[in-house]
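Q: Dropping the structure in here first, questions after.
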Amino acid sequence: MQSFLLEFANLLLRWLHVIAAIAWIGESIYFVMLDNGLKKPKAAEDRDKGVFGEMWAVHGGGFYHNQKYATAPAKLPDDLHWSFWKSYTTWLSGFALFVLLYMANPSFYLVNPGSSWEWAANLSGTQANILALAFLLGGWVVYNEMCKRISPNMERDGLLSLAVAVLMVAVAYLSTQMFSGRAAFLLTGAVMATAMSANVFFWIIPGQRRMVAAMKAGETPNPLDGKRGKQRSVHNTYFTLPVVLLMISNHYSFAYNHDHAWVIMSLFIFAGALIRQFFVLMHSGKIQPAYPAVGTALIALAMWVAMPAGPCAPAADDDEGTSMEEVTTIIEQHCVQCHARSPSHASFSSAPAGVTYDSEDEIRRQKSQIQQVVESGYMPLGNMTNMTDEEREAIAAWRE
């Protein structure tokens with residue numbers, strides 16, 4: 001019953017997380033499009049009121065007229081719209097999922113027993129949890145300090161962007177050394193997502209509140225508040241596509257179980273940022289196909305890096321290789337605790353991803369998938385059943 005309740009909570013949290021993320025990202029993309037699509041106002045009275053830009057649009061059978069002020073209008077309405085709860089809900093639900101799925105079974109999901117760093121390979125579950133939390137917090141602290149020190153007044157944002165790019169490569173590398181592959185990809189995405197939500201919480205919304213308070217007091221808002229909010233909002237824009245990719249990466253072991261997983265991850269991060277840049281420029285009327293072209297090239301390079309060196313299973317004559325009986329024995333010893341209609345492992349009330357190995361026919365039908373996840377080291381998760389290299393080689397040499 002406990003495992004069922006955990007899985008049901010997982011389902012509801014995932015649903016909430018996806019709903020909040022869609023709402024947040026959708027609104028963010030809309031406002032970027034709006035900001036970049038503004039034209040100088042044609043009416044003199046609008047210019048006199050301080051209108052910086054405007055955009056006319058048609059959608060859903062209606063016409064819309066959006067205006068942006070250079071600093072602030074003469075008077076604010078009582079029903080001013082704020083955008084922050086979608087961000088907070090996305091982060092809180094994502095963190096709750098991380099606690100439920102990863103921190104509840106850290107030795108299973110977080111620890112990287114194959115790490116070349118001996119101390120990381122020998123972490124206890126509690127130590128891995130503490131390290132994961134420190135990793136998230138440390139990522140935000142370093143990023144935030146870089147923003148404050150490199151470009152405090154937004155005068156060196158180009159240099160700051162380069163520094164953030166280097167930081168993300170470092171985060172990708174460190175995560176793959178300290179945590180299991182799947183957790184490394186997720187935590188790198190979580191570092192970016194934490195920065196995004198923290199940007200809203202610590203910088204964008206407080207700055208906007210100070211601007212509103214100044215206006216209500218009859219004072220001129222500090223333009224730095226608007227500039228700082230814009231700076232962090234721009235960073236959030238370029239984090240968006242890489243974060244979405246990293247959050248869905250747990251389905252693709254060829255990437256995160258690779259010896260150069262951090263390289264693959266970095267290439268995808270830069271590709272996502274370049275593709276996002278294409279859309280940002282497109283909204284301002286500039287079509288720059290070089291950005292998606294380079295992004296596509298980086299994705300192709302990531303595919304080349306991730307590509308296996310040879311076929312999953314070596315060629316074998318009829319009298320060579322591993323028999324079905326031997327394969328079944330290995331799977332019964334290492335896999336059916338989870339992958340069965342009624343799993344015996346306490347963490348699962350049903351087989352993960354619905355994959356079951358209760359019969360030889362089921363095992364035989366999934367031969368290529370079994371060989372791929374076993375040879376890559378993805379399964380068993382965290383190698384909790386201590387599958388040996390010899391047993392992995394036997395699966396790779398399966399002849400039937």
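Starting from 1 in every chain, residues are counted up; chains themselves are A, B, ... following the order of the structure tokens, and ligands are numbered from 1 as listed.
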Mind checking DSSP for range 87-235 of chain A and telling me the helix (DSSP H, G or I) residues as a VMD selection string?
A: chain A and resid 87 to 103 106 to 109 118 to 121 125 to 150 157 to 178 181 to 216 223 to 235
Q: For Ile150 in chain A, list every protein, DNA or RNA residue within 8 Å, evaluated using only C-alpha atoms, and leave out those in the same chain fewer than 3 positions away; present the list as an MDAnalysis selection string.
A: chainID A and resid 146:147 156:157 159:160
Q: Write a file of the just-selected residues containing C-alpha atoms, as a CSV table (one decimal), in the first residue's frame.
A:
chain,number,residue,atom,x,y,z
A,146,MET,CA,28.4,36.2,-10.9
A,147,CYS,CA,25.5,38.3,-12.0
A,156,ARG,CA,28.7,43.8,-19.2
A,157,ASP,CA,25.9,41.4,-19.9
A,159,LEU,CA,30.7,38.9,-20.6
A,160,LEU,CA,28.2,37.6,-18.0
Q: In terms of the shortest atom-to-atom distance over only C-alpha atoms, which of A:Val280, A:Ala297, A:Val327, A:Ala217 is closest to Lys75 in chain A?
A: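 So, comparing all the options, the nearest one is A:Ala217.
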Q: Using only C-alpha atoms for the distances, tell me which of A:Trp91, A:Phe31, A:Trp82, A:Trp117 is nearest to Asn66 in chain A.
A: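 Between A:Trp91, A:Phe31, A:Trp82, A:Trp117, the residue approaching Asn66 in chain A most closely is A:Phe31.
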Q: Do you know which residues are at most 12 Å from Ser344 in chain A counting only C-alpha atoms, after dropping those on the same chain fewer than 5 positions away, and could you put them as a PyMOL selection string?
A: chain A and resi 3+332+334-339+349-351
Q: Using only C-alpha atoms, pick whichever of A:Leu76, A:Leu267, A:Gly285, A:Leu92 has the shortest atom-to-atom distance to Ala255 in chain A.
A: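 Of the candidates, the smallest distance to Ala255 in chain A is held by A:Leu267.
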Q: What does the distance between CA of Met178 in chain A and CA of Ala120 in chain A come to in Å, to one decimal place?
A: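 Distance reported for this atom pair: 5.3 Å.
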